[in-house]
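Visitor: Data file coords_22.csv (CSV, C-alpha atoms) is appended below.
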chain,number,residue,atom,x,y,z
J,646,MET,CA,-2.0,-9.4,-23.9
J,647,LYS,CA,-2.3,-11.8,-21.1
J,648,LEU,CA,0.2,-10.6,-18.5
J,649,SER,CA,2.3,-7.6,-17.6
J,650,VAL,CA,5.2,-8.2,-15.1
J,651,VAL,CA,6.3,-5.1,-13.2
J,652,VAL,CA,9.8,-5.1,-11.6
J,653,PRO,CA,11.1,-2.1,-9.6
J,654,MET,CA,14.9,-2.0,-9.9
J,655,MET,CA,17.6,-0.1,-8.0
J,656,ASN,CA,21.3,-0.9,-8.2
J,657,GLU,CA,20.8,-4.5,-9.3
J,658,GLU,CA,23.2,-4.7,-12.2
J,659,GLU,CA,24.4,-8.2,-11.2
J,660,ASN,CA,20.9,-9.5,-11.0
J,661,VAL,CA,19.7,-8.1,-14.4
J,662,ALA,CA,20.9,-11.1,-16.5
J,663,PRO,CA,19.7,-13.8,-14.1
J,664,LEU,CA,16.3,-11.9,-13.8
J,665,PHE,CA,15.8,-11.9,-17.6
J,666,GLU,CA,16.7,-15.5,-17.9
J,667,ALA,CA,14.4,-16.6,-15.0
J,668,ILE,CA,11.4,-14.6,-16.3
J,669,ARG,CA,11.8,-15.8,-19.9
J,670,LYS,CA,12.1,-19.4,-18.7
J,671,ALA,CA,9.2,-19.2,-16.3
J,672,LEU,CA,6.8,-17.4,-18.7
J,673,LYS,CA,7.5,-19.4,-21.8
J,674,GLY,CA,4.3,-19.9,-23.7
J,675,ILE,CA,2.5,-16.9,-22.0
J,676,ASP,CA,1.8,-13.7,-23.9
J,677,TYR,CA,3.5,-11.2,-21.6
J,678,GLU,CA,5.4,-8.0,-21.4
J,679,LEU,CA,8.2,-7.1,-18.9
J,680,ILE,CA,8.2,-3.6,-17.5
J,681,LEU,CA,11.4,-2.7,-15.6
J,682,VAL,CA,11.3,0.5,-13.6
J,683,ASP,CA,14.7,1.9,-12.7
J,684,ASP,CA,14.4,3.8,-9.4
J,685,GLY,CA,17.5,6.0,-9.6
J,686,SER,CA,20.2,3.4,-9.9
J,687,THR,CA,23.8,4.7,-9.6
J,688,ASP,CA,25.5,1.6,-11.0
J,689,ARG,CA,25.1,-0.1,-14.5
J,690,THR,CA,21.6,-1.4,-14.0
J,691,VAL,CA,20.1,0.6,-16.8
J,692,GLU,CA,22.9,-0.2,-19.2
J,693,ARG,CA,22.5,-3.9,-18.5
J,694,MET,CA,18.7,-3.8,-18.9
J,695,LYS,CA,19.1,-2.1,-22.3
J,696,GLU,CA,21.6,-4.6,-23.4
J,697,LEU,CA,19.3,-7.6,-22.6
J,698,ALA,CA,16.0,-6.0,-23.6
J,699,ASP,CA,13.9,-7.7,-26.3
J,700,GLU,CA,10.6,-6.9,-28.0
J,701,ARG,CA,8.7,-7.8,-24.8
J,702,THR,CA,10.6,-5.4,-22.6
J,703,LYS,CA,9.8,-1.9,-21.6
J,704,ILE,CA,12.2,0.1,-19.5
J,705,LEU,CA,11.2,3.2,-17.5
J,706,VAL,CA,14.1,5.2,-16.0
J,707,PHE,CA,13.4,7.7,-13.2
J,708,GLN,CA,15.3,11.0,-13.0
J,709,ARG,CA,16.1,10.2,-9.3
J,710,ASN,CA,15.2,7.7,-6.6
J,711,TYR,CA,11.5,8.0,-5.7
J,712,GLY,CA,11.0,4.8,-3.8
J,713,GLN,CA,9.6,1.3,-4.4
J,714,THR,CA,5.9,2.4,-4.2
J,715,THR,CA,6.3,5.0,-6.9
J,716,ALA,CA,8.3,2.6,-9.1
J,717,MET,CA,5.5,0.0,-8.8
J,718,ALA,CA,2.9,2.7,-9.6
J,719,ALA,CA,4.7,3.8,-12.7
J,720,GLY,CA,5.0,0.2,-13.9
J,721,ILE,CA,1.3,-0.5,-13.3
J,722,ASP,CA,0.3,2.7,-15.2
J,723,GLU,CA,2.4,1.5,-18.2
J,724,ALA,CA,1.0,-2.1,-18.1
J,725,GLU,CA,-1.3,-3.3,-20.8
J,726,GLY,CA,-1.9,-6.9,-19.8
J,727,GLU,CA,-5.2,-8.4,-18.6
J,728,LEU,CA,-3.3,-9.5,-15.5
J,729,ILE,CA,-0.5,-7.6,-13.7
J,730,ALA,CA,2.2,-9.2,-11.6
J,731,THR,CA,4.6,-7.4,-9.4
J,732,ILE,CA,7.9,-8.9,-8.3
J,733,ASP,CA,11.2,-7.8,-6.8
J,734,GLY,CA,14.3,-7.5,-9.0
J,735,ASP,CA,16.7,-9.2,-6.5
J,736,LEU,CA,15.5,-12.7,-7.5
J,737,GLN,CA,14.5,-13.6,-3.9
J,738,ASN,CA,11.1,-14.0,-5.4
J,739,ASP,CA,10.9,-16.7,-8.0
J,740,PRO,CA,9.3,-15.9,-11.4
J,741,ALA,CA,8.4,-19.6,-11.7
J,742,ASP,CA,5.7,-19.0,-9.2
J,743,ILE,CA,3.8,-16.5,-11.4
J,744,PRO,CA,2.2,-19.1,-13.7
J,745,LEU,CA,1.1,-21.1,-10.6
J,746,MET,CA,-0.4,-17.9,-9.2
J,747,ILE,CA,-2.3,-17.2,-12.4
J,748,ALA,CA,-3.7,-20.8,-12.3
J,749,LYS,CA,-4.7,-20.2,-8.7
J,750,MET,CA,-6.5,-17.0,-9.7
J,751,GLU,CA,-8.4,-18.7,-12.5
J,752,GLU,CA,-9.3,-21.6,-10.2
J,753,THR,CA,-10.6,-19.5,-7.3
J,754,GLY,CA,-12.0,-16.5,-9.3
J,755,ALA,CA,-9.9,-14.2,-7.1
J,756,ASP,CA,-9.0,-10.6,-8.0
J,757,VAL,CA,-5.6,-10.7,-6.2
J,758,VAL,CA,-3.3,-13.6,-5.5
J,759,ALA,CA,-0.8,-12.6,-2.8
J,760,GLY,CA,2.4,-14.4,-2.2
J,761,ARG,CA,3.3,-15.8,1.2
J,762,ARG,CA,7.0,-16.4,1.5
J,763,LEU,CA,7.7,-20.0,2.4
J,764,LYS,CA,10.9,-20.6,4.5
J,765,ARG,CA,11.9,-16.9,4.2
J,766,GLN,CA,15.6,-16.5,3.5
J,767,ASP,CA,16.3,-13.3,5.5
J,768,GLY,CA,18.0,-12.4,8.7
J,769,MET,CA,15.9,-13.1,11.8
J,770,LEU,CA,16.7,-10.0,13.9
J,771,LEU,CA,16.6,-7.2,11.2
J,772,ARG,CA,14.1,-8.7,8.8
J,773,LYS,CA,11.9,-11.5,10.0
J,774,ILE,CA,11.0,-10.2,13.5
J,775,PRO,CA,10.2,-6.6,12.5
J,776,SER,CA,8.2,-8.0,9.5
J,777,ARG,CA,6.2,-10.3,11.8
J,778,ILE,CA,5.4,-7.4,14.2
J,779,ALA,CA,4.3,-5.2,11.2
J,780,ASN,CA,2.2,-8.0,9.7
J,781,TRP,CA,0.4,-8.5,13.1
J,782,LEU,CA,-0.2,-4.8,13.5
J,783,ILE,CA,-1.7,-4.4,10.0
J,784,ARG,CA,-3.9,-7.5,10.4
J,785,LYS,CA,-5.3,-6.5,13.7
J,786,SER,CA,-5.8,-2.8,12.8
J,787,THR,CA,-7.3,-3.1,9.3
J,788,GLY,CA,-9.1,-6.4,9.6
J,789,VAL,CA,-7.5,-7.6,6.3
J,790,TYR,CA,-6.2,-11.0,7.3
J,791,LEU,CA,-3.1,-11.9,5.2
J,792,HIS,CA,0.1,-13.4,6.6
J,793,ASP,CA,2.7,-11.7,4.5
J,794,TYR,CA,2.1,-8.1,3.5
J,795,GLY,CA,5.7,-7.5,2.7
J,796,CYS,CA,5.9,-10.0,-0.2
J,797,THR,CA,6.1,-8.1,-3.4
J,798,LEU,CA,5.1,-11.1,-5.5
J,799,LYS,CA,1.4,-10.6,-6.3
J,800,VAL,CA,-0.8,-11.1,-9.3
J,801,PHE,CA,-3.8,-8.7,-9.9
J,802,ARG,CA,-6.6,-8.4,-12.3
J,803,ARG,CA,-6.0,-5.3,-14.4
J,804,GLU,CA,-9.0,-3.3,-13.1
J,805,ILE,CA,-7.8,-3.7,-9.5
J,806,ALA,CA,-4.2,-2.9,-10.1
J,807,LYS,CA,-5.0,0.2,-12.1
J,808,ASN,CA,-7.1,1.7,-9.2
J,809,LEU,CA,-4.8,1.1,-6.3
J,810,ASP,CA,-3.8,4.8,-6.0
J,811,LEU,CA,-0.3,4.1,-4.9
J,812,TYR,CA,1.5,7.0,-3.2
J,813,GLY,CA,4.3,7.5,-0.7
J,814,GLU,CA,5.4,4.2,0.7
J,815,LEU,CA,2.1,2.4,0.6
J,816,HIS,CA,3.3,-0.7,-1.3
J,817,ARG,CA,3.1,-2.8,1.9
J,818,PHE,CA,-0.5,-1.9,2.2
J,819,ILE,CA,-1.5,-3.0,-1.3
J,820,PRO,CA,-3.8,-5.8,0.1
J,821,VAL,CA,-5.6,-3.1,2.2
J,822,LEU,CA,-6.0,-0.8,-0.8
J,823,ALA,CA,-7.3,-3.8,-2.9
J,824,GLU,CA,-9.8,-4.7,-0.1
J,825,MET,CA,-11.1,-1.1,-0.2
J,826,GLN,CA,-12.1,-1.8,-3.8
J,827,GLY,CA,-13.9,-5.0,-2.7
J,828,ALA,CA,-11.3,-7.3,-4.3
J,829,LYS,CA,-11.4,-11.0,-3.5
J,830,MET,CA,-8.0,-12.0,-2.3
J,831,VAL,CA,-6.3,-15.4,-1.8
J,832,GLU,CA,-2.9,-16.3,-0.5
J,833,MET,CA,-0.5,-18.7,-2.0
J,834,ASP,CA,2.8,-20.1,-0.6
J,835,VAL,CA,5.7,-19.0,-2.9
J,836,ARG,CA,9.4,-19.8,-2.9
J,837,HIS,CA,11.9,-17.4,-1.4
J,838,HIS,CA,15.6,-17.5,-2.1
J,839,PRO,CA,18.6,-15.9,-0.4
J,840,ARG,CA,20.0,-12.8,-2.1
J,841,VAL,CA,23.0,-13.8,-4.2
J,842,HIS,CA,24.0,-10.4,-5.7
J,843,GLY,CA,23.8,-6.9,-4.4
J,844,GLU,CA,22.6,-5.6,-1.0
J,845,SER,CA,19.1,-5.1,0.4
J,846,LYS,CA,17.7,-1.6,0.1
J,847,TYR,CA,15.5,-2.1,3.1
J,848,GLY,CA,16.5,-2.2,6.8
J,849,LEU,CA,15.1,-2.0,10.3
J,850,GLY,CA,14.3,1.7,9.8
J,851,ARG,CA,11.4,1.1,7.4
J,852,THR,CA,9.6,-0.9,10.1
J,853,PHE,CA,9.1,2.3,12.2
J,854,ARG,CA,7.5,4.0,9.2
J,855,VAL,CA,4.8,1.3,9.1
J,856,LEU,CA,3.2,2.9,12.1
J,857,SER,CA,2.7,6.3,10.4
J,858,ASP,CA,1.6,4.6,7.2
J,859,LEU,CA,-0.8,2.4,9.2
J,860,MET,CA,-2.5,5.5,10.7
J,861,LEU,CA,-3.0,6.9,7.2
J,862,MET,CA,-4.4,3.5,5.9
J,863,LEU,CA,-6.8,3.3,8.9
J,864,PHE,CA,-8.1,6.8,8.0
J,865,MET,CA,-8.3,5.9,4.3
J,866,GLN,CA,-10.1,2.7,5.0
J,867,LYS,CA,-12.6,4.0,7.5
J,868,TYR,CA,-13.0,7.7,6.9
J,869,ARG,CA,-11.8,8.5,3.4
J,870,THR,CA,-15.3,9.4,2.2
J,871,LYS,CA,-16.6,10.5,5.5
J,872,PRO,CA,-13.9,12.5,7.4
J,873,MET,CA,-16.5,14.4,9.4
J,874,HIS,CA,-17.4,11.2,11.2
J,875,LEU,CA,-13.8,11.1,12.7
J,876,PHE,CA,-13.1,14.8,13.3
J,877,GLY,CA,-16.7,15.7,14.1
J,878,GLY,CA,-17.0,12.8,16.6
J,879,LEU,CA,-13.8,13.8,18.4
J,880,GLY,CA,-14.6,17.5,18.3
J,881,ILE,CA,-18.1,17.0,19.8
J,882,ALA,CA,-16.6,14.8,22.5
J,883,ALA,CA,-14.0,17.4,23.4
J,884,LEU,CA,-16.5,20.2,23.2
J,885,GLY,CA,-19.0,18.4,25.4
J,886,ILE,CA,-16.4,17.5,28.1
J,887,GLY,CA,-15.1,21.1,28.0
J,888,ALA,CA,-18.6,22.5,28.3
J,889,LEU,CA,-19.4,20.3,31.3
J,890,ILE,CA,-16.2,21.3,33.1
J,891,ASN,CA,-16.9,25.0,32.5
J,892,LEU,CA,-20.5,24.6,33.6
J,893,TYR,CA,-19.3,22.9,36.8
J,894,LEU,CA,-16.8,25.8,37.4
J,895,PHE,CA,-19.5,28.4,36.7
J,896,ILE,CA,-21.7,26.8,39.4
J,897,LEU,CA,-18.8,27.0,41.8
J,898,LYS,CA,-18.3,30.6,40.9
J,899,LEU,CA,-21.9,31.4,41.6
J,900,THR,CA,-21.5,29.9,45.1
J,901,GLY,CA,-18.7,32.2,45.8
J,902,GLU,CA,-15.7,30.0,45.3
J,903,SER,CA,-12.6,31.2,43.4
J,904,ILE,CA,-11.9,29.4,40.2
J,905,GLY,CA,-9.3,31.7,38.5
J,906,GLN,CA,-6.3,29.7,39.7
J,907,ARG,CA,-7.7,26.2,39.1
J,908,PRO,CA,-6.0,24.1,36.4
J,909,LEU,CA,-9.4,22.6,35.7
J,910,LEU,CA,-10.4,26.0,34.2
J,911,THR,CA,-7.5,25.9,31.7
J,912,LEU,CA,-8.5,22.3,30.8
J,913,GLY,CA,-12.1,23.2,30.2
J,914,VAL,CA,-11.3,26.2,28.0
J,915,MET,CA,-8.7,24.2,26.0
J,916,LEU,CA,-11.1,21.3,25.4
J,917,VAL,CA,-13.7,23.7,24.1
J,918,LEU,CA,-11.2,25.3,21.7
J,919,VAL,CA,-9.9,21.9,20.6
J,920,GLY,CA,-13.4,20.7,20.0
J,921,ILE,CA,-14.2,23.7,17.8
J,922,GLN,CA,-10.9,23.2,15.9
J,923,LEU,CA,-11.6,19.5,15.3
J,924,ILE,CA,-15.2,20.2,14.0
J,925,THR,CA,-13.9,22.9,11.7
J,926,THR,CA,-11.2,20.5,10.5
J,927,GLY,CA,-13.9,18.0,9.7
J,928,PHE,CA,-15.8,20.6,7.6
J,929,ILE,CA,-12.6,21.4,5.7
J,930,ALA,CA,-11.8,17.7,5.2
J,931,GLU,CA,-15.3,17.1,3.8
J,932,LEU,CA,-14.9,19.9,1.3
J,933,ILE,CA,-11.5,18.6,0.2
J,934,MET,CA,-12.9,15.1,-0.2
J,935,ARG,CA,-15.8,16.3,-2.3
J,936,THR,CA,-13.5,18.5,-4.4
J,937,TYR,CA,-11.2,15.5,-4.9
J,938,PHE,CA,-14.0,13.3,-6.3
J,939,GLU,CA,-16.0,15.9,-8.2
J,940,SER,CA,-13.1,17.7,-9.9
J,941,GLN,CA,-11.7,14.5,-11.3
J,942,HIS,CA,-15.1,13.0,-11.9
J,943,LYS,CA,-14.2,10.1,-9.6
J,944,LYS,CA,-16.8,8.1,-7.8
J,945,PRO,CA,-16.5,6.8,-4.2
J,946,TYR,CA,-17.7,3.4,-5.4
J,947,ARG,CA,-17.0,0.9,-8.1
J,948,ILE,CA,-19.7,-1.1,-9.9
J,949,LYS,CA,-18.5,-4.7,-10.6
J,950,GLU,CA,-21.2,-5.6,-13.1
J,951,ARG,CA,-24.2,-4.0,-14.9
J,952,PHE,CA,-27.2,-6.1,-15.8
J,953,VAL,CA,-30.2,-4.9,-17.8
J,954,GLY,CA,-33.3,-7.2,-17.7
J,955,LYS,CA,-35.2,-7.9,-20.8
Write out the structure in this file as structure tokens.

Guide:
Amino acid sequence: MKLSVVVPMMNEEENVAPLFEAIRKALKGIDYELILVDDGSTDRTVERMKELADERTKILVFQRNYGQTTAMAAGIDEAEGELIATIDGDLQNDPADIPLMIAKMEETGADVVAGRRLKRQDGMLLRKIPSRIANWLIRKSTGVYLHDYGCTLKVFRREIAKNLDLYGELHRFIPVLAEMQGAKMVEMDVRHHPRVHGESKYGLGRTFRVLSDLMLMLFMQKYRTKPMHLFGGLGIAALGIGALINLYLFILKLTGESIGQRPLLTLGVMLVLVGIQLITTGFIAELIMRTYFESQHKKPYRIKERFVGK
């Protein structure tokens, strides 16, 4: 099978029929499957999907709402295609861009083609400005230079998509997760339409969650396989500064000065204790990391190609 199209759905009953029509028209002539993941809809979304499903359609229905990232992960796990495309179910992304993105992938040899929404049809204050701030933060912090991290429309090679390890709300960091696998990524301008039916499930509040997710991604990107480098470095710095402060106070004590009431003494003792705790945390994190990889027979690397000389 050439292509799997993964679509997270939540309360999109009025968009189901137009979505089926648009995907069937756009992908005519391509061997594809459509995987619809219902993320706890409370309207007739599931019923409408079942009514319109054909032999190319798979429908996964969650017991409750788990979030867009989990819905995407479930769809990707189910996918059987050589290529995997992700797209929103609200028809703001245009399925007609998928064949163009596949052509771009074949032309460039890329592992991921990420959509960049051209003339984005969203509100400026609540959607565009927060999105631009989040995109800038992610670019500067991670060093992965894409313009539009929030565009769901992407096409992946199967081996990249299957190893993204999507959890929580990390869908906006998919390019960073792909980069951690060594994926070659290119961007492509895609169409973006105003929402016609239903309401957006995402507001200003999710922008603030980007900061906490960003801290996690920075840790994953830089220290996932070497947590001791982070905790150990901070711990040694705190322990060293605390030890110097305490040494200074000890010398003052030897000269007859009173140090019992000095705030500096409290600071010195606290830094020593914090340093010891951080180093201990580093040891624990290292053990957890090794257990994670070894218990599941995972490797902290991926081999792109094997070659045996003759």

Visitor: If we count all atoms listed in the file and set the cut-off at 8 Å, which residues sit around Leu728 of chain J, ignoring sequence neighbours fewer than 4 positions away in its own chain? Please answer as a VMD selection string.

Guide: chain J and resid 647 to 649 800 to 803

Visitor: Nearest to Lys764 of chain J among J:Glu696, J:Asp834, J:Asp676, J:Glu814, with distances taken over all atoms listed in the file: which residue is it?

Guide: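 The closest residue to Lys764 of chain J is J:Asp834.
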
Visitor: Within 12 Å of Glu751 of chain J, counting only C-alpha atoms, which residues show up once you throw out same-chain ones fewer than 3 positions away? Write them as a PDB file with C-alpha atoms, in the frame of the given file, please.

Guide:
ATOM      1  CA  LEU J 728      -3.300  -9.500 -15.500  1.00  0.00           C
ATOM      2  CA  PRO J 744       2.200 -19.100 -13.700  1.00  0.00           C
ATOM      3  CA  LEU J 745       1.100 -21.100 -10.600  1.00  0.00           C
ATOM      4  CA  MET J 746      -0.400 -17.900  -9.200  1.00  0.00           C
ATOM      5  CA  ILE J 747      -2.300 -17.200 -12.400  1.00  0.00           C
ATOM      6  CA  ALA J 748      -3.700 -20.800 -12.300  1.00  0.00           C
ATOM      7  CA  GLY J 754     -12.000 -16.500  -9.300  1.00  0.00           C
ATOM      8  CA  ALA J 755      -9.900 -14.200  -7.100  1.00  0.00           C
ATOM      9  CA  ASP J 756      -9.000 -10.600  -8.000  1.00  0.00           C
ATOM     10  CA  VAL J 757      -5.600 -10.700  -6.200  1.00  0.00           C
ATOM     11  CA  VAL J 758      -3.300 -13.600  -5.500  1.00  0.00           C
ATOM     12  CA  VAL J 800      -0.800 -11.100  -9.300  1.00  0.00           C
ATOM     13  CA  PHE J 801      -3.800  -8.700  -9.900  1.00  0.00           C
ATOM     14  CA  ARG J 802      -6.600  -8.400 -12.300  1.00  0.00           C
ATOM     15  CA  VAL J 831      -6.300 -15.400  -1.800  1.00  0.00           C
TER      16      VAL J 831
END

Visitor: Would you mind reading off the distance between atom CA of Tyr893 of chain J and atom CA of Ile881 of chain J, one decimal, in Å?

Guide: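 Separation of atom CA of Tyr893 of chain J and atom CA of Ile881 of chain J: 18.0 Å.
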
Visitor: From the list J:Thr911, J:Thr687, J:Asn656, J:Thr797, which residue is nearest His816 of chain J when using only C-alpha atoms?

Guide: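 Of J:Thr911, J:Thr687, J:Asn656, J:Thr797, the one nearest His816 of chain J, counting only C-alpha atoms, is J:Thr797.
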
Visitor: Just how far from atom CA of His837 of chain J is atom CA of Ala730 of chain J, in Å to one decimal?

Guide: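 Between atom CA of Ala730 of chain J and atom CA of His837 of chain J the gap is 16.3 Å.
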
Visitor: Using Å and a single decimal, report how far atom CA of Leu918 of chain J sits from atom CA of Leu894 of chain J.

Guide: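 The value is 16.7 Å.
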
Visitor: J:Ile783, J:Glu931, J:Leu910, J:Ile904: which is nearest Leu861 of chain J, counting only C-alpha atoms?

Guide: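 The shortest atom-to-atom distance to Leu861 of chain J comes from J:Ile783.
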
Visitor: Please list as a list in words every residue within 7 Å of Phe876 of chain J, counting only C-alpha atoms and excluding residues in the same chain fewer than 2 positions away.

Guide: Pro872, Met873, His874, Gly878, Leu879, Gly880, Leu923, Ile924, Thr926 and Gly927 of chain J

Visitor: Using all atoms listed in the file for the distances, tell me which of J:Ser940, J:Thr690, J:Asn710, J:Thr900 is nearest to Val661 of chain J.

Guide: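 For Val661 of chain J, the nearest of the given residues is J:Thr690.
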
Visitor: Taking all atoms listed in the file into account, which of J:Ala930, J:Ile704, J:Ala718, J:Ala888 comes nearest Leu912 of chain J?

Guide: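 Looking only at the distances to Leu912 of chain J, the closest residue turns out to be J:Ala888.
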
Visitor: If we count only C-alpha atoms, what is near Gly720 of chain J at a cut-off of 12 Å, once residues fewer than 3 positions away on the same chain are taken out, given as number ranges by chain?

Guide: J: 649-654, 678-684, 702-707, 713-717, 723-726, 729-732, 806-807, 811

Visitor: Which residues are close to Leu863 of chain J, i.e. within 9 Å by only C-alpha atoms, leaving aside same-chain residues fewer than 5 positions away? Reply as a PyMOL selection string.

Guide: chain J and resi 786-787+858+868

Visitor: Nearest to Phe818 of chain J among J:Thr936, J:Gln737, J:Gln866, J:Ser903, with distances taken over all atoms listed in the file: which residue is it?

Guide: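 Counting all atoms listed in the file, the residue closest to Phe818 of chain J is J:Gln866.
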
Visitor: Given the block above, output segment 818-826 of chain J with all heavy atoms as an mmCIF file, in the first residue's frame.

Guide:
data_model
loop_
_atom_site.group_PDB
_atom_site.id
_atom_site.type_symbol
_atom_site.label_atom_id
_atom_site.label_comp_id
_atom_site.auth_asym_id
_atom_site.auth_seq_id
_atom_site.Cartn_x
_atom_site.Cartn_y
_atom_site.Cartn_z
ATOM 1 N N PHE J 818 5.521 19.134 18.365
ATOM 2 C CA PHE J 818 6.973 18.943 18.336
ATOM 3 C C PHE J 818 7.375 17.778 17.439
ATOM 4 O O PHE J 818 8.504 17.288 17.532
ATOM 5 C CB PHE J 818 7.504 18.711 19.753
ATOM 6 C CG PHE J 818 7.369 19.922 20.639
ATOM 7 C CD1 PHE J 818 6.331 20.018 21.552
ATOM 8 C CD2 PHE J 818 8.261 20.966 20.540
ATOM 9 C CE1 PHE J 818 6.199 21.131 22.357
ATOM 10 C CE2 PHE J 818 8.142 22.091 21.346
ATOM 11 C CZ PHE J 818 7.107 22.179 22.263
ATOM 12 N N ILE J 819 6.475 17.331 16.584
ATOM 13 C CA ILE J 819 6.789 16.222 15.684
ATOM 14 C C ILE J 819 8.053 16.497 14.857
ATOM 15 O O ILE J 819 8.896 15.596 14.703
ATOM 16 C CB ILE J 819 5.581 15.893 14.783
ATOM 17 C CG1 ILE J 819 4.557 15.081 15.584
ATOM 18 C CG2 ILE J 819 6.008 15.135 13.534
ATOM 19 C CD1 ILE J 819 3.290 14.753 14.824
ATOM 20 N N PRO J 820 8.251 17.700 14.313
ATOM 21 C CA PRO J 820 9.505 17.931 13.576
ATOM 22 C C PRO J 820 10.750 17.725 14.434
ATOM 23 O O PRO J 820 11.774 17.231 13.949
ATOM 24 C CB PRO J 820 9.376 19.392 13.122
ATOM 25 C CG PRO J 820 7.916 19.636 13.046
ATOM 26 C CD PRO J 820 7.334 18.851 14.191
ATOM 27 N N VAL J 821 10.679 18.095 15.720
ATOM 28 C CA VAL J 821 11.824 17.899 16.611
ATOM 29 C C VAL J 821 12.037 16.408 16.857
ATOM 30 O O VAL J 821 13.172 15.920 16.842
ATOM 31 C CB VAL J 821 11.612 18.642 17.944
ATOM 32 C CG1 VAL J 821 12.838 18.479 18.844
ATOM 33 C CG2 VAL J 821 11.337 20.120 17.698
ATOM 34 N N LEU J 822 10.945 15.667 17.081
ATOM 35 C CA LEU J 822 11.050 14.221 17.282
ATOM 36 C C LEU J 822 11.623 13.536 16.048
ATOM 37 O O LEU J 822 12.419 12.600 16.152
ATOM 38 C CB LEU J 822 9.672 13.639 17.615
ATOM 39 C CG LEU J 822 9.068 14.082 18.954
ATOM 40 C CD1 LEU J 822 7.597 13.660 19.036
ATOM 41 C CD2 LEU J 822 9.843 13.504 20.126
ATOM 42 N N ALA J 823 11.217 14.011 14.856
ATOM 43 C CA ALA J 823 11.752 13.442 13.615
ATOM 44 C C ALA J 823 13.229 13.772 13.462
ATOM 45 O O ALA J 823 14.034 12.929 13.040
ATOM 46 C CB ALA J 823 10.962 13.967 12.419
ATOM 47 N N GLU J 824 13.615 14.997 13.832
ATOM 48 C CA GLU J 824 15.014 15.400 13.734
ATOM 49 C C GLU J 824 15.882 14.563 14.650
ATOM 50 O O GLU J 824 17.041 14.265 14.325
ATOM 51 C CB GLU J 824 15.127 16.890 14.081
ATOM 52 C CG GLU J 824 16.514 17.487 13.875
ATOM 53 C CD GLU J 824 17.399 17.386 15.110
ATOM 54 O OE1 GLU J 824 16.872 17.127 16.218
ATOM 55 O OE2 GLU J 824 18.621 17.528 14.965
ATOM 56 N N MET J 825 15.354 14.151 15.801
ATOM 57 C CA MET J 825 16.110 13.307 16.729
ATOM 58 C C MET J 825 16.408 11.948 16.120
ATOM 59 O O MET J 825 17.331 11.255 16.549
ATOM 60 C CB MET J 825 15.323 13.153 18.039
ATOM 61 C CG MET J 825 15.293 14.419 18.876
ATOM 62 S SD MET J 825 14.095 14.375 20.235
ATOM 63 C CE MET J 825 14.703 12.994 21.199
ATOM 64 N N GLN J 826 15.627 11.537 15.111
ATOM 65 C CA GLN J 826 15.901 10.292 14.396
ATOM 66 C C GLN J 826 16.836 10.499 13.212
ATOM 67 O O GLN J 826 17.167 9.554 12.509
ATOM 68 C CB GLN J 826 14.593 9.685 13.878
ATOM 69 C CG GLN J 826 13.600 9.295 14.952
ATOM 70 C CD GLN J 826 12.414 8.581 14.336
ATOM 71 O OE1 GLN J 826 12.563 7.620 13.588
ATOM 72 N NE2 GLN J 826 11.223 9.054 14.632
#
